[in-house]
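Trainee: File final-v2.pdb follows (PDB, C-alpha atoms):
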```pdb
ATOM      1  CA  MET U 510     230.504 238.485 142.650
ATOM      2  CA  PHE U 511     227.775 240.909 143.739
ATOM      3  CA  LEU U 512     230.171 243.151 145.667
ATOM      4  CA  LYS U 513     232.220 243.934 142.587
ATOM      5  CA  ASN U 514     229.119 245.710 141.219
ATOM      6  CA  VAL U 515     229.092 248.236 144.067
ATOM      7  CA  ILE U 516     230.366 251.616 142.919
ATOM      8  CA  SER U 517     230.652 255.115 144.322
ATOM      9  CA  ALA U 518     228.357 257.932 143.193
ATOM     10  CA  LYS U 519     231.404 259.683 141.742
ATOM     11  CA  GLU U 520     232.262 256.605 139.669
ATOM     12  CA  ALA U 521     228.630 256.309 138.553
ATOM     13  CA  ARG U 522     228.610 259.910 137.330
ATOM     14  CA  ALA U 523     231.858 259.411 135.454
ATOM     15  CA  ASN U 524     230.732 256.155 133.804
ATOM     16  CA  PHE U 525     226.985 256.616 133.440
ATOM     17  CA  ALA U 526     226.807 255.646 129.750
ATOM     18  CA  ALA U 527     228.756 252.439 130.421
ATOM     19  CA  LEU U 528     226.476 251.636 133.368
ATOM     20  CA  LEU U 529     223.444 252.012 131.099
ATOM     21  CA  ASP U 530     225.086 249.669 128.593
ATOM     22  CA  ASP U 531     225.665 247.170 131.414
ATOM     23  CA  ALA U 532     222.034 247.442 132.516
ATOM     24  CA  GLU U 533     220.832 246.788 128.974
ATOM     25  CA  GLN U 534     222.906 243.604 129.026
ATOM     26  CA  GLY U 535     221.457 242.477 132.372
ATOM     27  CA  ARG U 536     224.270 243.575 134.687
ATOM     28  CA  SER U 537     223.172 245.618 137.686
ATOM     29  CA  HIS U 538     225.120 248.006 139.890
ATOM     30  CA  ILE U 539     224.598 249.388 143.388
ATOM     31  CA  VAL U 540     225.596 253.041 143.774
ATOM     32  CA  MET U 541     226.905 254.114 147.190
ATOM     33  CA  ARG U 542     227.022 257.666 148.528
ATOM     34  CA  ASN U 543     228.354 258.524 151.987
ATOM     35  CA  SER U 544     228.683 254.811 152.829
ATOM     36  CA  ARG U 545     224.968 254.198 152.123
ATOM     37  CA  ILE U 546     223.139 252.673 149.187
ATOM     38  CA  ALA U 547     221.906 255.606 147.111
ATOM     39  CA  ALA U 548     220.606 253.837 143.995
ATOM     40  CA  GLY U 549     220.528 250.730 141.899
ATOM     41  CA  ILE U 550     221.006 250.601 138.153
ATOM     42  CA  VAL U 551     219.190 247.560 136.807
ATOM     43  CA  SER U 552     217.999 246.148 133.493
ATOM     44  CA  PRO U 553     214.456 246.833 132.289
ATOM     45  CA  GLU U 554     213.603 243.181 133.004
ATOM     46  CA  GLN U 555     214.814 243.499 136.584
ATOM     47  CA  ALA U 556     212.971 246.801 136.995
ATOM     48  CA  LYS U 557     209.700 245.123 135.944
ATOM     49  CA  LEU U 558     210.117 242.676 138.840
ATOM     50  CA  LEU U 559     210.533 245.395 141.469
ATOM     51  CA  PRO U 560     206.787 245.954 142.132
ATOM     52  CA  MET U 561     206.307 242.214 142.623
ATOM     53  CA  LEU U 562     209.318 242.049 144.949
ATOM     54  CA  GLU U 563     207.988 245.022 146.892
ATOM     55  CA  ALA U 564     204.617 243.271 147.316
ATOM     56  CA  VAL U 565     206.288 240.061 148.516
ATOM     57  CA  LEU U 566     208.458 241.959 150.998
ATOM     58  CA  HIS U 567     205.377 243.825 152.239
ATOM     59  CA  GLU U 568     203.579 240.531 152.845
ATOM     60  CA  ILE U 569     206.619 239.116 154.623
ATOM     61  CA  GLY U 570     206.766 242.231 156.791
ATOM     62  CA  GLU U 571     203.090 241.883 157.660
ATOM     63  CA  SER U 572     203.607 238.207 158.456
ATOM     64  CA  LEU U 573     206.543 239.035 160.710
ATOM     65  CA  ALA U 574     204.522 241.733 162.474
ATOM     66  CA  MET U 575     201.668 239.282 163.011
ATOM     67  CA  ALA U 576     204.102 236.652 164.293
ATOM     68  CA  VAL U 577     205.111 238.888 167.202
ATOM     69  CA  ASP U 578     201.642 240.281 167.972
ATOM     70  CA  PRO U 579     200.763 238.641 171.321
ATOM     71  CA  VAL U 580     197.008 238.641 170.632
ATOM     72  CA  ILE U 581     197.440 236.902 167.282
ATOM     73  CA  VAL U 582     199.997 234.444 168.668
ATOM     74  CA  ALA U 583     197.662 233.542 171.552
ATOM     75  CA  ALA U 584     194.707 233.076 169.191
ATOM     76  CA  VAL U 585     196.721 230.822 166.901
ATOM     77  CA  ARG U 586     197.977 228.728 169.827
ATOM     78  CA  ALA U 587     194.454 228.388 171.212
ATOM     79  CA  ALA U 588     193.118 227.372 167.797
ATOM     80  CA  GLU U 589     195.874 224.785 167.379
ATOM     81  CA  GLU U 590     195.154 223.302 170.812
ATOM     82  CA  GLU U 591     191.429 223.137 170.101
ATOM     83  CA  ALA U 592     192.028 221.611 166.675
ATOM     84  CA  GLU U 593     194.159 218.890 168.289
ATOM     85  CA  ILE U 594     191.270 217.853 170.529
ATOM     86  CA  GLY U 595     188.768 218.015 167.676
ATOM     87  CA  TYR U 596     187.019 221.333 168.178
ATOM     88  CA  ILE U 597     186.169 223.362 165.102
ATOM     89  CA  VAL U 598     186.426 226.987 166.036
ATOM     90  CA  SER U 599     186.670 230.296 164.188
ATOM     91  CA  TYR U 600     188.283 233.377 165.638
ATOM     92  CA  ASP U 601     187.891 237.041 164.784
ATOM     93  CA  VAL U 602     191.184 238.785 165.454
TER      94      VAL U 602
END
```
What would the structure in this file look like if it were written as structure tokens?

Mentor:
Amino acid sequence: MFLKNVISAKEARANFAALLDDAEQGRSHIVMRNSRIAAGIVSPEQAKLLPMLEAVLHEIGESLAMAVDPVIVAAVRAAEEEAEIGYIVSYDV
């Protein structure tokens, strides 16, 4: 269903008013140019969610970066091992 809402930049230019009508009714479109995503046309409600989505994706990205940082991974493993044997320890990483 989502893929049928992918349109070319040329088609977007030719049907811009209709795309705005769609957006007002909650239907979004992805605009492609040169085989790449160039833009998205979304409803005002969807647009209001974009900053929140960006923040969530940023946090996920930071979490993924931390998950592969060898210093952080080693500190977490050490803390887990010490917690299992009953030590209470704090680490500054």

Trainee: On this file, the PyMOL selection byres ((chain U and resi 535) around 9) gives some set of residues; write that set as JSON, numbers by chain.

Mentor: {"U": [530, 531, 532, 533, 534, 536, 537, 551, 552, 553, 554, 555]}

Trainee: Restrict the selected residues to C-alpha atoms and save them as a PDB file, keeping the file's coordinate frame.

Mentor:
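That gives us out-v2.pdb:
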```
ATOM      1  CA  ASP U 530     225.086 249.669 128.593  1.00  0.00           C
ATOM      2  CA  ASP U 531     225.665 247.170 131.414  1.00  0.00           C
ATOM      3  CA  ALA U 532     222.034 247.442 132.516  1.00  0.00           C
ATOM      4  CA  GLU U 533     220.832 246.788 128.974  1.00  0.00           C
ATOM      5  CA  GLN U 534     222.906 243.604 129.026  1.00  0.00           C
ATOM      6  CA  ARG U 536     224.270 243.575 134.687  1.00  0.00           C
ATOM      7  CA  SER U 537     223.172 245.618 137.686  1.00  0.00           C
ATOM      8  CA  VAL U 551     219.190 247.560 136.807  1.00  0.00           C
ATOM      9  CA  SER U 552     217.999 246.148 133.493  1.00  0.00           C
ATOM     10  CA  PRO U 553     214.456 246.833 132.289  1.00  0.00           C
ATOM     11  CA  GLU U 554     213.603 243.181 133.004  1.00  0.00           C
ATOM     12  CA  GLN U 555     214.814 243.499 136.584  1.00  0.00           C
TER      13      GLN U 555
END
```

Trainee: Near segment 562-575 of chain U, counting only C-alpha atoms, which residues have an atom at most 12 Å away, once you skip same-chain residues fewer than 6 positions from it, shown as a ChimeraX atom specification?

Mentor: /U:555-556,581-585,602

Trainee: Give me the result of the PyMOL selection byres ((chain U and resi 515) around 12) on this file, residue by residue, as number ranges by chain.

Mentor: U: 510-514, 516-521, 528, 536-542, 544-550

Trainee: Set up a box along x, y and z of the file covering all listed atoms of segment 552-563 of chain U, add 8 Å on every one of the six sides, and write the centre and edge lengths in Å to one decimal, as lines of an AutoDock Vina configuration file.

Mentor:
```
center_x = 212.2
center_y = 244.4
center_z = 139.6
size_x = 27.7
size_y = 20.8
size_z = 30.6
```

Trainee: Just the number, please: distance in Å from atom CA of Leu529 of chain U to atom CA of Asn543 of chain U, one decimal.

Mentor: 22.4 Å
